[in-house]
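Listing of query05.pdb; format and content: PDB, C-alpha atoms.
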```
MODEL        1
ATOM      1  CA  GLY A   1      68.732  28.272  47.984
ATOM      2  CA  LEU A   2      70.886  25.564  49.443
ATOM      3  CA  GLY A   3      68.231  23.700  51.419
ATOM      4  CA  GLU A   4      68.217  19.911  51.113
ATOM      5  CA  ARG A   5      71.733  19.861  49.609
ATOM      6  CA  ASP A   6      74.652  18.056  51.227
ATOM      7  CA  THR A   7      77.376  20.477  50.072
ATOM      8  CA  LEU A   8      77.733  23.943  48.674
ATOM      9  CA  GLY A   9      79.435  22.565  45.563
ATOM     10  CA  SER A  10      81.292  25.821  44.817
ATOM     11  CA  ASP A  11      83.051  28.740  46.532
ATOM     12  CA  GLY A  12      79.705  30.277  47.443
ATOM     13  CA  MET A  13      76.188  31.250  46.437
ATOM     14  CA  LEU A  14      75.580  34.913  45.640
ATOM     15  CA  PHE A  15      72.127  36.372  46.137
ATOM     16  CA  VAL A  16      71.329  39.622  44.317
ATOM     17  CA  MET A  17      68.638  41.604  46.101
ATOM     18  CA  PRO A  18      65.990  43.303  43.931
ATOM     19  CA  ALA A  19      66.618  46.552  45.835
ATOM     20  CA  ARG A  20      68.855  47.763  48.658
ATOM     21  CA  SER A  21      67.286  46.203  51.726
ATOM     22  CA  ILE A  22      67.739  44.355  54.989
ATOM     23  CA  PRO A  23      66.852  40.808  53.941
ATOM     24  CA  THR A  24      66.138  37.960  56.331
ATOM     25  CA  PHE A  25      67.790  34.577  55.836
ATOM     26  CA  TRP A  26      67.227  31.306  57.662
ATOM     27  CA  MET A  27      68.641  27.796  57.581
ATOM     28  CA  LYS A  28      65.481  25.960  56.494
ATOM     29  CA  GLY A  29      66.364  22.533  55.138
ATOM     30  CA  MET A  30      70.100  23.115  55.540
ATOM     31  CA  ARG A  31      72.378  20.134  56.145
ATOM     32  CA  PHE A  32      75.632  22.062  56.654
ATOM     33  CA  ASP A  33      76.789  25.257  58.381
ATOM     34  CA  LEU A  34      77.327  28.562  56.580
ATOM     35  CA  ASP A  35      78.962  31.988  56.765
ATOM     36  CA  PHE A  36      77.054  35.033  55.440
ATOM     37  CA  VAL A  37      78.889  37.953  53.837
ATOM     38  CA  TRP A  38      76.550  40.948  53.657
ATOM     39  CA  ILE A  39      77.503  43.309  50.808
ATOM     40  CA  ASP A  40      76.284  46.792  49.874
ATOM     41  CA  ARG A  41      77.178  47.487  46.271
ATOM     42  CA  ASN A  42      80.895  46.655  46.386
ATOM     43  CA  LYS A  43      81.685  46.800  50.123
ATOM     44  CA  VAL A  44      81.354  44.199  52.865
ATOM     45  CA  VAL A  45      79.092  45.807  55.483
ATOM     46  CA  ASP A  46      78.492  42.920  57.884
ATOM     47  CA  LEU A  47      79.556  39.330  58.559
ATOM     48  CA  THR A  48      77.718  36.432  60.167
ATOM     49  CA  GLN A  49      79.986  33.486  60.852
ATOM     50  CA  ASN A  50      79.441  29.820  61.623
ATOM     51  CA  VAL A  51      75.668  29.732  61.287
ATOM     52  CA  SER A  52      74.561  26.265  62.332
ATOM     53  CA  ALA A  53      72.203  24.079  60.351
ATOM     54  CA  GLU A  54      69.028  23.360  62.301
ATOM     55  CA  PRO A  55      67.786  19.990  61.034
ATOM     56  CA  GLY A  56      64.378  18.972  62.317
ATOM     57  CA  VAL A  57      63.577  22.395  63.770
ATOM     58  CA  PRO A  58      60.061  23.611  62.858
ATOM     59  CA  ASP A  59      59.959  26.689  60.612
ATOM     60  CA  TYR A  60      58.567  28.913  63.371
ATOM     61  CA  GLN A  61      61.556  28.078  65.616
ATOM     62  CA  LEU A  62      64.339  28.601  63.055
ATOM     63  CA  HIS A  63      66.750  31.430  63.839
ATOM     64  CA  LEU A  64      66.577  34.447  61.527
ATOM     65  CA  TYR A  65      69.671  36.279  60.275
ATOM     66  CA  THR A  66      69.788  39.875  59.030
ATOM     67  CA  PRO A  67      72.582  42.347  58.318
ATOM     68  CA  LYS A  68      73.197  45.449  60.420
ATOM     69  CA  ALA A  69      73.009  47.664  57.294
ATOM     70  CA  LEU A  70      71.280  47.829  53.933
ATOM     71  CA  VAL A  71      72.672  45.365  51.385
ATOM     72  CA  THR A  72      72.493  44.686  47.668
ATOM     73  CA  HIS A  73      74.060  41.195  47.804
ATOM     74  CA  VAL A  74      74.482  38.289  50.185
ATOM     75  CA  LEU A  75      77.225  35.706  49.739
ATOM     76  CA  GLU A  76      76.730  32.355  51.447
ATOM     77  CA  MET A  77      79.917  30.366  51.971
ATOM     78  CA  ASP A  78      80.859  27.219  53.862
ATOM     79  CA  ALA A  79      81.245  27.918  57.574
ATOM     80  CA  GLY A  80      84.773  28.982  58.395
ATOM     81  CA  GLU A  81      85.479  30.600  55.020
ATOM     82  CA  ILE A  82      85.227  34.162  56.350
ATOM     83  CA  ALA A  83      88.028  33.431  58.834
ATOM     84  CA  LYS A  84      90.022  31.343  56.363
ATOM     85  CA  ARG A  85      89.915  34.074  53.703
ATOM     86  CA  GLN A  86      90.308  36.856  56.297
ATOM     87  CA  ILE A  87      87.241  38.705  55.017
ATOM     88  CA  GLN A  88      86.578  41.899  56.967
ATOM     89  CA  ILE A  89      83.933  44.606  57.101
ATOM     90  CA  GLY A  90      85.004  47.349  54.685
ATOM     91  CA  ASP A  91      86.626  44.970  52.192
ATOM     92  CA  THR A  92      85.976  45.735  48.536
ATOM     93  CA  VAL A  93      84.103  43.155  46.479
ATOM     94  CA  THR A  94      84.742  42.701  42.763
ATOM     95  CA  TYR A  95      82.139  40.877  40.676
TER      96      TYR A  95
ENDMDL
END
```
If you took the structure in this file and wrote it as structure tokens, what would it be?
Amino acid sequence: GLGERDTLGSDGMLFVMPARSIPTFWMKGMRFDLDFVWIDRNKVVDLTQNVSAEPGVPDYQLHLYTPKALVTHVLEMDAGEIAKRQIQIGDTVTY
């Protein structure tokens, strides 16, 4: 993951789920804010924007983030990128 890093260092980090699921993400060790793009196969099914880093927060108090639908991929991007790139639910994703 991106914990303990100061920057993303790219356009995003793509997570490939081992099976279609509703994964849970958190901001453990994060030093910068993120956007989450939740993807099922090749369609954006949910968006979570401007997720704040929670430095110094104990693990048991960290917020948990999940999509509203089953997903096969999760794309983490710098906070604000969803709005900047005008990403919307229903958009097609090409790998």
Step by step, work through what the PyMOL selection byres ((chain A and resi 77-86) around 6) selects in the shown file, and finish by giving those residues as a JSON list (two decimals) with C-alpha atoms, in the frame of the given file.
```json
[["chain", "number", "residue", "atom", "x", "y", "z"],
["A", 12, "GLY", "CA", 79.70, 30.28, 47.44],
["A", 33, "ASP", "CA", 76.79, 25.26, 58.38],
["A", 34, "LEU", "CA", 77.33, 28.56, 56.58],
["A", 35, "ASP", "CA", 78.96, 31.99, 56.76],
["A", 50, "ASN", "CA", 79.44, 29.82, 61.62],
["A", 76, "GLU", "CA", 76.73, 32.35, 51.45],
["A", 87, "ILE", "CA", 87.24, 38.70, 55.02]]
```
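By chain and then residue number, the residues within 10 Å of A:His63 are A:Thr24, A:Phe25, A:Trp26, A:Met27, A:Lys28, A:Val51, A:Ser52, A:Ala53, A:Glu54, A:Val57, counting only C-alpha atoms and disregarding those fewer than 5 positions away in sequence.
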| message | What's the separation between atom CA of A:Val93 and atom CA of A:Ile39, in Å to one decimal place? | response |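 Straight-line distance from atom CA of A:Val93 to atom CA of A:Ile39 works out to 7.9 Å.
From atom CA of A:Val71 back to atom CA of A:Asn42, the distance works out to 9.7 Å.
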| field | Residue IDs satisfying the PyMOL selection byres ((chain A and resi 38) around 9), as a list of chain:residue names | value | A:Phe36, A:Val37, A:Ile39, A:Asp40, A:Lys43, A:Val44, A:Val45, A:Asp46, A:Leu47, A:Thr48, A:Thr66, A:Pro67, A:Lys68, A:Ala69, A:Leu70, A:Val71, A:Thr72, A:His73, A:Val74, A:Leu75, A:Glu76, A:Ile89
| field | Top pick for closest residue to A:Gly29, considering A:Gly9, A:Tyr65, A:Thr94, A:Asp59 and counting all atoms listed in the file | value |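 The answer is A:Asp59, which sits nearest to A:Gly29.
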| said: Please report the interatomic distance between atom CA of A:Met30 and atom CA of A:Pro55 in Å with one decimal. | reply: 6.7 Å
| remark: A:Asp91 proximity check over A:Ser10, A:Pro58, A:Ala19, A:Arg41, using only C-alpha atoms: winner is A:Arg41
